[in-house]
Structures are given as structure tokens and as C-alpha cells.
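Printed here is target03.txt (compact mmCIF, C-alpha atoms):
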```
# COMPACT_ATOMS: atom_id res chain seq x y z
CA MET A 61 187.01 32.60 -71.81
CA GLY A 62 186.82 30.94 -68.41
CA THR A 63 184.50 31.87 -65.56
CA PRO A 64 184.87 31.84 -61.76
CA LEU A 65 182.56 28.80 -61.69
CA GLY A 66 184.63 26.89 -64.23
CA ASP A 67 187.87 27.85 -62.50
CA PHE A 68 186.59 26.61 -59.14
CA ILE A 69 185.46 23.24 -60.54
CA ARG A 70 188.79 22.75 -62.32
CA ILE A 71 190.81 23.73 -59.23
CA ARG A 72 188.80 21.35 -57.04
CA ARG A 73 189.13 18.57 -59.62
CA ASP A 74 192.91 19.04 -59.73
CA SER A 75 193.17 18.98 -55.92
CA VAL A 76 191.38 15.65 -55.35
CA GLN A 77 193.28 12.40 -55.79
CA PRO A 78 191.43 9.32 -57.13
CA GLU A 79 192.22 7.25 -54.05
CA GLN A 80 190.45 9.82 -51.85
CA LEU A 81 187.19 8.87 -53.55
CA GLY A 82 187.92 5.16 -53.86
CA LEU A 83 188.58 5.40 -57.61
CA PRO A 84 191.18 3.23 -59.38
CA ASP A 85 194.45 4.83 -60.46
CA HIS A 86 194.71 4.58 -64.24
CA GLY A 87 198.40 5.42 -64.36
CA ARG A 88 200.13 8.55 -65.63
CA ARG A 89 198.05 11.70 -65.97
CA ARG A 90 198.74 14.91 -67.83
CA SER A 91 197.60 16.90 -64.79
CA PRO A 92 197.17 16.11 -61.08
CA GLY A 93 193.88 15.11 -59.52
CA LEU A 94 190.77 13.71 -61.16
CA ARG A 95 190.19 13.33 -64.86
CA ARG A 96 187.16 15.07 -66.32
CA SER A 97 185.83 11.62 -67.14
CA ASP A 98 186.04 10.67 -63.43
CA VAL A 99 184.02 13.69 -62.32
CA ALA A 100 181.54 13.45 -65.19
CA ALA A 101 180.83 9.79 -64.46
CA ARG A 102 180.32 10.46 -60.74
CA ALA A 103 178.04 13.45 -61.52
CA GLY A 104 176.04 11.62 -64.19
CA ILE A 105 176.81 14.16 -66.93
CA SER A 106 178.80 13.95 -70.15
CA VAL A 107 182.48 14.83 -70.36
CA GLU A 108 181.60 17.32 -73.11
CA TYR A 109 179.14 19.12 -70.82
CA LEU A 110 181.64 19.30 -67.97
CA THR A 111 184.23 20.67 -70.40
CA ARG A 112 181.81 23.39 -71.51
CA ILE A 113 181.19 24.41 -67.88
CA GLU A 114 184.89 24.51 -67.02
CA GLN A 115 185.73 26.52 -70.14
CA GLY A 116 182.88 28.98 -69.59
CA ARG A 117 180.92 27.94 -72.68
CA ASP A 118 177.95 26.90 -70.52
CA ARG A 119 177.23 29.46 -67.80
CA ASN A 120 173.87 28.27 -66.51
CA PRO A 121 174.06 24.71 -65.15
CA SER A 122 170.92 23.59 -63.37
CA VAL A 123 170.60 23.24 -59.60
CA ALA A 124 170.55 19.46 -60.05
CA VAL A 125 173.84 19.57 -61.96
CA LEU A 126 175.43 21.75 -59.27
CA HIS A 127 174.34 19.28 -56.57
CA ALA A 128 175.72 16.40 -58.63
CA LEU A 129 179.06 18.19 -59.11
CA GLY A 130 179.23 18.90 -55.39
CA ASP A 131 178.75 15.19 -54.71
CA ALA A 132 181.23 14.18 -57.42
CA LEU A 133 183.94 16.44 -56.01
CA ALA A 134 183.09 15.58 -52.37
CA LEU A 135 182.65 19.26 -51.51
CA ASN A 136 181.92 20.24 -47.92
CA THR A 137 179.05 22.54 -46.95
CA ALA A 138 181.04 25.78 -47.32
CA GLU A 139 182.47 24.71 -50.67
CA ARG A 140 178.99 23.81 -51.96
CA GLU A 141 177.74 27.24 -50.94
CA HIS A 142 180.63 28.82 -52.82
CA LEU A 143 179.87 26.65 -55.87
CA ARG A 144 176.24 27.87 -55.88
CA TYR A 145 177.33 31.48 -55.42
CA LEU A 146 179.81 31.29 -58.31
CA ALA A 147 177.11 29.76 -60.49
CA LYS A 148 174.84 32.70 -59.65
CA ILE A 149 177.36 35.41 -60.50
CA THR A 150 178.49 33.53 -63.61
CA GLY A 151 174.87 33.33 -64.76
CA ASP A 152 174.36 37.03 -63.97
CA GLU A 153 177.32 37.90 -66.20
CA CYS A 154 175.68 36.01 -69.02
CA THR A 155 172.15 37.36 -68.60
CA GLY A 156 173.08 40.93 -67.70
CA HIS A 157 171.43 40.89 -64.27
CA LEU A 158 172.65 43.55 -61.90
CA GLY A 159 173.38 41.06 -59.13
CA PRO A 160 173.85 42.11 -55.50
CA LEU A 161 173.62 45.71 -54.41
CA PRO A 162 176.68 48.01 -54.28
CA ALA A 163 178.72 48.14 -51.08
CA ARG A 164 177.11 50.42 -48.51
CA ARG A 165 179.18 52.50 -46.13
CA GLU A 166 176.26 53.88 -44.15
CA VAL A 167 175.43 52.07 -40.91
CA ARG A 168 171.76 52.11 -39.99
CA PRO A 169 170.84 53.73 -36.63
CA SER A 170 169.44 50.46 -35.31
CA VAL A 171 172.72 48.71 -36.09
CA ARG A 172 174.66 51.44 -34.28
CA GLU A 173 172.34 51.02 -31.32
CA THR A 174 173.06 47.28 -31.37
CA LEU A 175 176.77 48.05 -31.17
CA ARG A 176 176.18 50.30 -28.17
CA LEU A 177 174.28 47.52 -26.44
CA LEU A 178 177.20 45.18 -27.08
CA GLU A 179 179.60 47.39 -25.11
CA PRO A 180 181.95 46.54 -23.48
CA GLY A 181 182.13 43.67 -25.95
CA ILE A 182 184.39 43.52 -28.99
CA ALA A 183 182.32 44.10 -32.13
CA VAL A 184 182.65 45.70 -35.57
CA VAL A 185 180.42 46.30 -38.58
CA MET A 186 182.06 45.67 -41.93
CA ASN A 187 181.29 44.63 -45.48
CA ARG A 188 182.84 41.82 -47.51
CA LEU A 189 185.22 44.21 -49.23
CA GLY A 190 186.77 44.71 -45.79
CA ASP A 191 185.58 48.27 -45.09
CA LEU A 192 185.40 48.77 -41.32
CA LEU A 193 182.32 50.94 -40.83
CA ALA A 194 181.60 51.11 -37.10
CA TRP A 195 183.03 49.51 -33.99
CA THR A 196 182.82 49.38 -30.23
CA ASP A 197 185.34 50.96 -27.92
CA ALA A 198 186.61 47.47 -27.04
CA TYR A 199 187.35 46.76 -30.72
CA LYS A 200 189.28 50.02 -30.95
CA THR A 201 191.26 49.02 -27.86
CA LEU A 202 192.07 45.68 -29.46
CA ALA A 203 193.39 47.45 -32.58
CA GLU A 204 195.36 50.09 -30.66
CA GLY A 205 198.93 50.36 -31.94
CA THR A 206 198.40 47.97 -34.86
CA GLY A 207 197.70 50.55 -37.58
CA LEU A 208 194.39 48.90 -38.48
CA LEU A 209 192.23 51.94 -37.69
CA GLU A 210 194.69 54.70 -38.58
CA SER A 211 193.15 55.43 -41.98
CA ASP A 212 190.18 57.76 -42.39
CA ALA A 213 188.49 54.88 -44.21
CA PRO A 214 190.01 51.72 -42.70
CA ASN A 215 189.83 48.56 -44.77
CA LEU A 216 190.81 45.20 -43.29
CA THR A 217 191.64 43.61 -46.66
CA ARG A 218 193.98 46.43 -47.63
CA TYR A 219 195.58 46.36 -44.17
CA VAL A 220 196.23 42.61 -44.23
CA PHE A 221 197.99 42.70 -47.60
CA THR A 222 199.79 46.05 -47.57
CA ASP A 223 200.71 46.89 -43.97
CA ALA A 224 203.75 45.06 -42.60
CA ARG A 225 202.31 45.31 -39.08
CA ALA A 226 199.49 42.94 -40.05
CA LYS A 227 201.83 39.94 -40.06
CA ALA A 228 202.81 40.70 -36.49
CA TYR A 229 199.23 41.36 -35.36
CA PHE A 230 197.63 38.26 -36.89
CA THR A 231 199.43 35.23 -35.50
CA GLU A 232 198.04 33.06 -38.29
CA TRP A 233 198.39 35.66 -41.02
CA ASP A 234 198.17 33.17 -43.87
CA ASP A 235 194.72 32.02 -42.75
CA VAL A 236 193.46 35.61 -42.38
CA ALA A 237 194.86 36.49 -45.82
CA ASP A 238 192.98 33.51 -47.32
CA GLU A 239 189.77 34.74 -45.69
CA ARG A 240 190.12 38.30 -46.92
CA ALA A 241 190.85 37.28 -50.52
CA PHE A 242 188.01 34.75 -50.52
CA ASP A 243 185.48 37.28 -49.24
CA LEU A 244 186.09 39.52 -52.24
CA TRP A 245 184.25 36.91 -54.30
CA ARG A 246 181.25 37.48 -52.07
CA GLY A 247 181.53 41.24 -52.45
CA PRO A 248 178.26 43.20 -52.79
CA LYS A 249 178.79 43.85 -56.50
CA ALA A 250 181.31 42.36 -58.88
CA GLU A 251 182.75 45.67 -60.02
CA ASN A 252 183.33 46.77 -56.41
CA ALA A 253 185.42 43.67 -55.70
CA GLU A 254 187.23 44.08 -59.02
CA TRP A 255 188.01 47.72 -58.21
CA LEU A 256 189.51 46.79 -54.86
CA ALA A 257 191.41 43.90 -56.43
CA ALA A 258 192.85 46.22 -59.07
CA GLU A 259 193.92 48.65 -56.36
CA LEU A 260 195.42 45.94 -54.17
CA ALA A 261 197.13 43.82 -56.80
CA PRO A 262 200.02 46.22 -57.58
CA ALA A 263 200.72 46.86 -53.88
CA ALA A 264 200.12 43.36 -52.51
CA GLY A 265 201.64 41.35 -55.35
CA PRO A 266 201.43 37.57 -55.69
CA GLU A 267 200.43 37.01 -52.03
CA PHE A 268 197.10 38.56 -52.96
CA THR A 269 196.53 37.52 -56.57
CA ARG A 270 197.39 33.87 -55.91
CA ARG A 271 194.83 33.70 -53.11
CA LEU A 272 192.17 35.57 -55.07
CA ASN A 273 192.32 33.02 -57.88
CA SER A 274 192.70 29.87 -55.78
CA HIS A 275 189.07 29.64 -54.57
CA VAL A 276 190.16 27.99 -51.32
CA VAL A 277 187.22 28.11 -48.88
CA PRO A 278 188.77 29.11 -45.50
CA PRO A 279 187.75 27.23 -42.33
CA ARG A 280 187.51 30.40 -40.14
CA GLY A 281 188.58 28.90 -36.84
CA VAL A 282 189.62 30.74 -33.68
CA LEU A 283 191.22 34.11 -34.45
CA ARG A 284 194.65 34.47 -32.86
CA LEU A 285 196.10 37.94 -32.30
CA ARG A 286 199.41 39.16 -30.96
CA HIS A 287 198.55 42.53 -29.40
CA PRO A 288 201.30 45.20 -29.31
CA SER A 289 201.07 45.03 -25.51
CA GLY A 290 202.51 41.55 -25.72
CA TYR A 291 199.28 39.72 -24.95
CA GLU A 292 198.47 36.62 -27.01
CA LEU A 293 194.71 36.56 -27.65
CA ARG A 294 192.45 33.74 -28.86
CA LEU A 295 189.01 34.90 -29.99
CA ARG A 296 185.93 33.07 -31.20
CA ARG A 297 183.99 34.74 -33.98
CA GLU A 298 180.23 35.12 -34.24
CA THR A 299 178.95 36.77 -37.41
CA LEU A 300 175.50 38.21 -38.02
CA GLU A 301 174.72 38.83 -41.69
CA LEU A 302 172.96 42.13 -42.34
CA ALA A 303 171.71 41.00 -45.72
CA SER A 304 169.67 44.08 -46.60
CA ASP A 305 172.76 46.26 -46.05
CA ALA A 306 175.32 43.86 -47.58
CA GLN A 307 177.17 44.16 -44.25
CA GLN A 308 178.19 41.94 -41.36
CA LEU A 309 178.23 42.41 -37.61
CA LEU A 310 181.25 40.56 -36.25
CA VAL A 311 181.50 39.87 -32.52
CA LEU A 312 184.77 38.58 -31.01
CA LEU A 313 184.51 36.51 -27.83
CA PRO A 314 187.42 35.35 -25.64
CA ALA A 315 188.09 31.68 -26.38
CA ASP A 316 189.71 30.98 -23.00
CA GLU A 317 190.06 32.45 -19.52
CA GLU A 318 193.55 33.82 -20.16
CA THR A 319 192.31 35.80 -23.16
CA ALA A 320 189.37 37.09 -21.11
CA ARG A 321 191.81 38.37 -18.45
CA HIS A 322 194.02 40.02 -21.07
CA VAL A 323 191.02 41.71 -22.73
CA GLY A 324 189.92 42.99 -19.32
CA ARG A 325 193.35 44.48 -18.68
CA LEU A 326 193.38 46.14 -22.10
CA ARG A 327 189.99 47.71 -21.40
CA GLU A 328 191.17 48.99 -18.03
CA GLY A 329 194.27 50.52 -19.56
CA SER A 330 192.45 52.17 -22.44
CA ARG A 331 191.72 55.87 -22.30
CA HIS A 332 189.47 55.86 -25.34
CA GLY A 333 185.75 56.19 -24.96
CA GLY A 334 182.57 55.78 -26.93
CA LEU A 335 181.59 54.35 -30.30
CA ARG A 336 183.34 55.37 -33.48
CA ALA A 337 181.43 55.13 -36.74
CA ILE A 338 182.14 56.22 -40.29
CA SER A 339 179.36 57.24 -42.63
```
Please go through the file and, once you have read it, give me the structure as C-alpha cells.
Amino acid sequence: MGTPLGDFIRIRRDSVQPEQLGLPDHGRRRSPGLRRSDVAARAGISVEYLTRIEQGRDRNPSVAVLHALGDALALNTAEREHLRYLAKITGDECTGHLGPLPARREVRPSVRETLRLLEPGIAVVMNRLGDLLAWTDAYKTLAEGTGLLESDAPNLTRYVFTDARAKAYFTEWDDVADERAFDLWRGPKAENAEWLAAELAPAAGPEFTRRLNSHVVPPRGVLRLRHPSGYELRLRRETLELASDAQQLLVLLPADEETARHVGRLREGSRHGGLRAIS
């Protein structure tokens, strides 16, 4: 039985062409990308050991081996972090460790106070499953008319994959969908992510399941929104990890002067007031 770690290594191996790493082309291959022998030689491990990792028969490679595999596959910083994370959860499955804490929906008073201090900025507290837990008035204004906050328990991941309005709201919907699926791997507890995946899969279909299993590490560039008012918005993202809560504080900042003007007009036209939080 395979593991997320083995799947990621195999997917990355299949996606890299020999010429990208300066390796000779040995002719026809049964599958695209690098041979196991190519990666094993570059990592300084045996082909048999790499096969065991990919097939899930070895679930606890050492830190040195993970570094060597990262070098062999020419992984970037984000991909190396994902490799280490998958190794951790794969090892936890084998040893029976509980792993990260369950997803919390409560927002600590000090975090709520931080949100208040960020007004009139655009900010939201969420977890990696996509639950939107608390937000500023400016964030609510930005979501007005999109359907994102209509639910009693709004969830960004569910919204992206199951609400048709999401494709109109997110100008680069494919990139946002990649991000939401990827973040489920970093969910606070494996069974929480699996529960949400099981709920989403029937409704979202292959758009979701393909992304969930692809292990593509998203670049997370400027967020582009098409507000129902007609404004095109470009927003930079700053994320503060609230590690003890398994939550994130996401702040959206105008990426250009035109966006700043549009955000100002949306604030002026909004009749909503105050901070909304769900506990």
C-alpha cells in the first residue's frame, strides 16, 4: 500500500525530465520523467531502498535521506517542506502517534483583539481545512454578494469546489483550487482532512480529487478577485501562523493603487459594521 510520501516522490520523479538535471537520455522509457536508478544514484541510495519508500514499505527514511532526495529531485524550498511534512505524517501512521491537534473552531480573545486592531484592514482567521472562523468588517465587505460567508459555518475549501460563484469571484480559480486542495494535506489532524475530503469528493468530483492527489505545491502569488461590484482587485497575502491553535491569520493588502481605491470605495459603500466571529 502506498503512502503520501511515496506518492509525492513518484509524482515528482515522473514530472522531471533528464535534460533538466543534465542527465543523458537513455532512450525509450516505460514512464515519463526520471528512472528510479537516476534518482537513487543522485541521492546516494540504492534503487531497492527508493522502491521501498515509493511503495510504502519503508515509512521512516532518515532526515539525511530526505535531504538527499530533495537534492536529487531538485525540489524548491516549499516542495522540500512538503516532503518533510509527508515523511512526518507517514511515520506517524506507522508508529501510531496522534500527530497534530484536531482542528479548532474557537478563536482566542487575543486573536480577536488583533483582528479589531487590524480594522479597517482586510483580515480573516481560518484553519487549513478552510473553516473561516473570524473576520474583519473589511473582509466581509470584500465577500459581499459572493456567497462565501452565507453559510452558518463558512468553509473556503467547500465554497471553491462546490459553489459556481467561486469561479467568477476568483479570477485565477485554478490556482486557488490548487491551494485549497494542497492545504488539506497540512490539516490539523489526518482524519479531519479525510472527513472533509470524503464530504467534498462526491460534490466536487474530479476537479477536487485530481488536485488532492497531485501534490503540486502552489506558488501563492497575488490573489486576484473579481468583486460583484465589477471591481478587479489584486491583493498581496501575508499569513501569520497561529501554531498553538492550528489556525492562520490571513491579511490581504492592496497590491496596487487602483485596488486600494476600489477597496476604499467598497468600504464607503458598505453598511455592515463590526467584527463577526464564529465559535
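Straight-line separation from CA of Thr299 in chain A to CA of Gly247 in chain A: 15.9 Å.
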Between A:Ala128, A:Ile69, A:Ala103, A:Val171, single out the one closest to Leu302 in chain A, counting all atoms listed in the file.
->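 That would be A:Val171, the residue with the smallest distance to Leu302 in chain A.
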Which one of A:Ala100, A:Val167, A:Val323, A:Leu94 sits closest to Ser304 in chain A if you count only C-alpha atoms?
->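 Smallest distance to Ser304 in chain A is found for A:Val167.
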Determine, counting all atoms listed in the file, every residue of protein, DNA or RNA that lies within 8 Å of (201.7, 38.2, -30.1) in the file coordinates, then give the result as a PDB file with C-alpha atoms, in the frame of the given file.
```pdb
ATOM      1  CA  ALA A 228     202.810  40.700 -36.490  1.00  0.00           C
ATOM      2  CA  TYR A 229     199.230  41.360 -35.360  1.00  0.00           C
ATOM      3  CA  PHE A 230     197.630  38.260 -36.890  1.00  0.00           C
ATOM      4  CA  THR A 231     199.430  35.230 -35.500  1.00  0.00           C
ATOM      5  CA  LEU A 285     196.100  37.940 -32.300  1.00  0.00           C
ATOM      6  CA  ARG A 286     199.410  39.160 -30.960  1.00  0.00           C
ATOM      7  CA  HIS A 287     198.550  42.530 -29.400  1.00  0.00           C
ATOM      8  CA  PRO A 288     201.300  45.200 -29.310  1.00  0.00           C
ATOM      9  CA  GLY A 290     202.510  41.550 -25.720  1.00  0.00           C
ATOM     10  CA  TYR A 291     199.280  39.720 -24.950  1.00  0.00           C
ATOM     11  CA  GLU A 292     198.470  36.620 -27.010  1.00  0.00           C
ATOM     12  CA  LEU A 293     194.710  36.560 -27.650  1.00  0.00           C
TER      13      LEU A 293
END
```
Please identify all polymer residues within 10 Å of Asp235 in chain A, counting only C-alpha atoms, omitting same-chain residues fewer than 6 positions from it, and present them as number ranges by chain.
-> A: 278-281, 283
Spatial neighbours of range 215-225 of chain A, 8 Å, only C-alpha atoms, chain gap at least 5 places, as a list in words |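 Counting only the stated atoms, we get Leu189, Gly190, Asp191, Leu192, Thr206, Gly207, Leu208, Trp233, Val236, Ala237, Arg240, Ala241, Leu260, Ala263, Ala264, Glu267 and Phe268 of chain A.
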What would range 197-233 of chain A look like with N, CA and C atoms restored, written as a short mmCIF file (atom, residue, chain, number, x, y, z; two decimals), keeping the file's coordinate frame?
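Dumped everything to rebuild.cif:
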```
data_model
loop_
_atom_site.label_atom_id
_atom_site.label_comp_id
_atom_site.auth_asym_id
_atom_site.auth_seq_id
_atom_site.Cartn_x
_atom_site.Cartn_y
_atom_site.Cartn_z
N ASP A 197 184.11 50.48 -28.55
CA ASP A 197 185.34 50.96 -27.92
C ASP A 197 186.30 49.79 -27.66
N ALA A 198 185.76 48.63 -27.30
CA ALA A 198 186.61 47.47 -27.04
C ALA A 198 187.34 47.02 -28.30
N TYR A 199 186.68 47.12 -29.47
CA TYR A 199 187.35 46.76 -30.72
C TYR A 199 188.49 47.74 -31.01
N LYS A 200 188.23 49.02 -30.75
CA LYS A 200 189.28 50.02 -30.95
C LYS A 200 190.47 49.75 -30.04
N THR A 201 190.19 49.35 -28.79
CA THR A 201 191.26 49.02 -27.86
C THR A 201 192.07 47.84 -28.37
N LEU A 202 191.39 46.86 -28.93
CA LEU A 202 192.07 45.68 -29.46
C LEU A 202 192.99 46.03 -30.63
N ALA A 203 192.60 47.06 -31.40
CA ALA A 203 193.39 47.45 -32.58
C ALA A 203 194.43 48.52 -32.26
N GLU A 204 194.45 49.01 -31.03
CA GLU A 204 195.36 50.09 -30.66
C GLU A 204 196.82 49.71 -30.93
N GLY A 205 197.52 50.57 -31.67
CA GLY A 205 198.93 50.36 -31.94
C GLY A 205 199.24 49.42 -33.10
N THR A 206 198.18 48.90 -33.76
CA THR A 206 198.40 47.97 -34.86
C THR A 206 198.39 48.65 -36.23
N GLY A 207 197.84 49.85 -36.31
CA GLY A 207 197.70 50.55 -37.58
C GLY A 207 196.40 50.24 -38.30
N LEU A 208 195.61 49.33 -37.78
CA LEU A 208 194.39 48.90 -38.48
C LEU A 208 193.40 50.03 -38.66
N LEU A 209 193.24 50.90 -37.65
CA LEU A 209 192.23 51.94 -37.69
C LEU A 209 192.82 53.33 -37.95
N GLU A 210 194.05 53.39 -38.39
CA GLU A 210 194.69 54.70 -38.58
C GLU A 210 194.14 55.47 -39.76
N SER A 211 193.66 54.77 -40.78
CA SER A 211 193.15 55.43 -41.98
C SER A 211 191.81 56.10 -41.70
N ASP A 212 191.50 57.14 -42.48
CA ASP A 212 190.18 57.76 -42.39
C ASP A 212 189.09 56.80 -42.86
N ALA A 213 189.44 55.89 -43.73
CA ALA A 213 188.49 54.88 -44.21
C ALA A 213 189.17 53.51 -44.10
N PRO A 214 189.27 52.97 -42.89
CA PRO A 214 190.01 51.72 -42.70
C PRO A 214 189.40 50.55 -43.45
N ASN A 215 190.26 49.73 -44.01
CA ASN A 215 189.83 48.56 -44.77
C ASN A 215 190.70 47.38 -44.34
N LEU A 216 190.07 46.34 -43.82
CA LEU A 216 190.81 45.20 -43.29
C LEU A 216 191.58 44.47 -44.39
N THR A 217 190.98 44.32 -45.57
CA THR A 217 191.64 43.61 -46.66
C THR A 217 192.91 44.34 -47.08
N ARG A 218 192.80 45.64 -47.25
CA ARG A 218 193.98 46.43 -47.63
C ARG A 218 195.05 46.34 -46.54
N TYR A 219 194.63 46.42 -45.28
CA TYR A 219 195.58 46.36 -44.17
C TYR A 219 196.33 45.03 -44.15
N VAL A 220 195.61 43.93 -44.31
CA VAL A 220 196.23 42.61 -44.23
C VAL A 220 197.32 42.44 -45.29
N PHE A 221 197.06 42.95 -46.49
CA PHE A 221 197.99 42.70 -47.60
C PHE A 221 199.05 43.78 -47.81
N THR A 222 198.86 44.97 -47.25
CA THR A 222 199.79 46.05 -47.57
C THR A 222 200.50 46.66 -46.37
N ASP A 223 200.08 46.32 -45.16
CA ASP A 223 200.71 46.89 -43.97
C ASP A 223 201.54 45.81 -43.28
N ALA A 224 202.85 46.06 -43.18
CA ALA A 224 203.75 45.06 -42.60
C ALA A 224 203.37 44.69 -41.17
N ARG A 225 202.70 45.60 -40.46
CA ARG A 225 202.31 45.31 -39.08
C ARG A 225 201.26 44.21 -38.98
N ALA A 226 200.55 43.95 -40.07
CA ALA A 226 199.49 42.94 -40.05
C ALA A 226 200.07 41.55 -39.76
N LYS A 227 201.25 41.27 -40.27
CA LYS A 227 201.83 39.94 -40.06
C LYS A 227 202.25 39.73 -38.61
N ALA A 228 202.51 40.82 -37.92
CA ALA A 228 202.81 40.70 -36.49
C ALA A 228 201.53 40.62 -35.67
N TYR A 229 200.49 41.30 -36.10
CA TYR A 229 199.23 41.36 -35.36
C TYR A 229 198.45 40.04 -35.47
N PHE A 230 198.36 39.50 -36.68
CA PHE A 230 197.63 38.26 -36.89
C PHE A 230 198.60 37.09 -36.79
N THR A 231 198.51 36.34 -35.72
CA THR A 231 199.43 35.23 -35.50
C THR A 231 199.39 34.24 -36.65
N GLU A 232 198.20 33.96 -37.15
CA GLU A 232 198.04 33.06 -38.29
C GLU A 232 197.67 33.89 -39.51
N TRP A 233 198.62 34.70 -39.95
CA TRP A 233 198.39 35.66 -41.02
C TRP A 233 197.94 34.98 -42.30
#
```
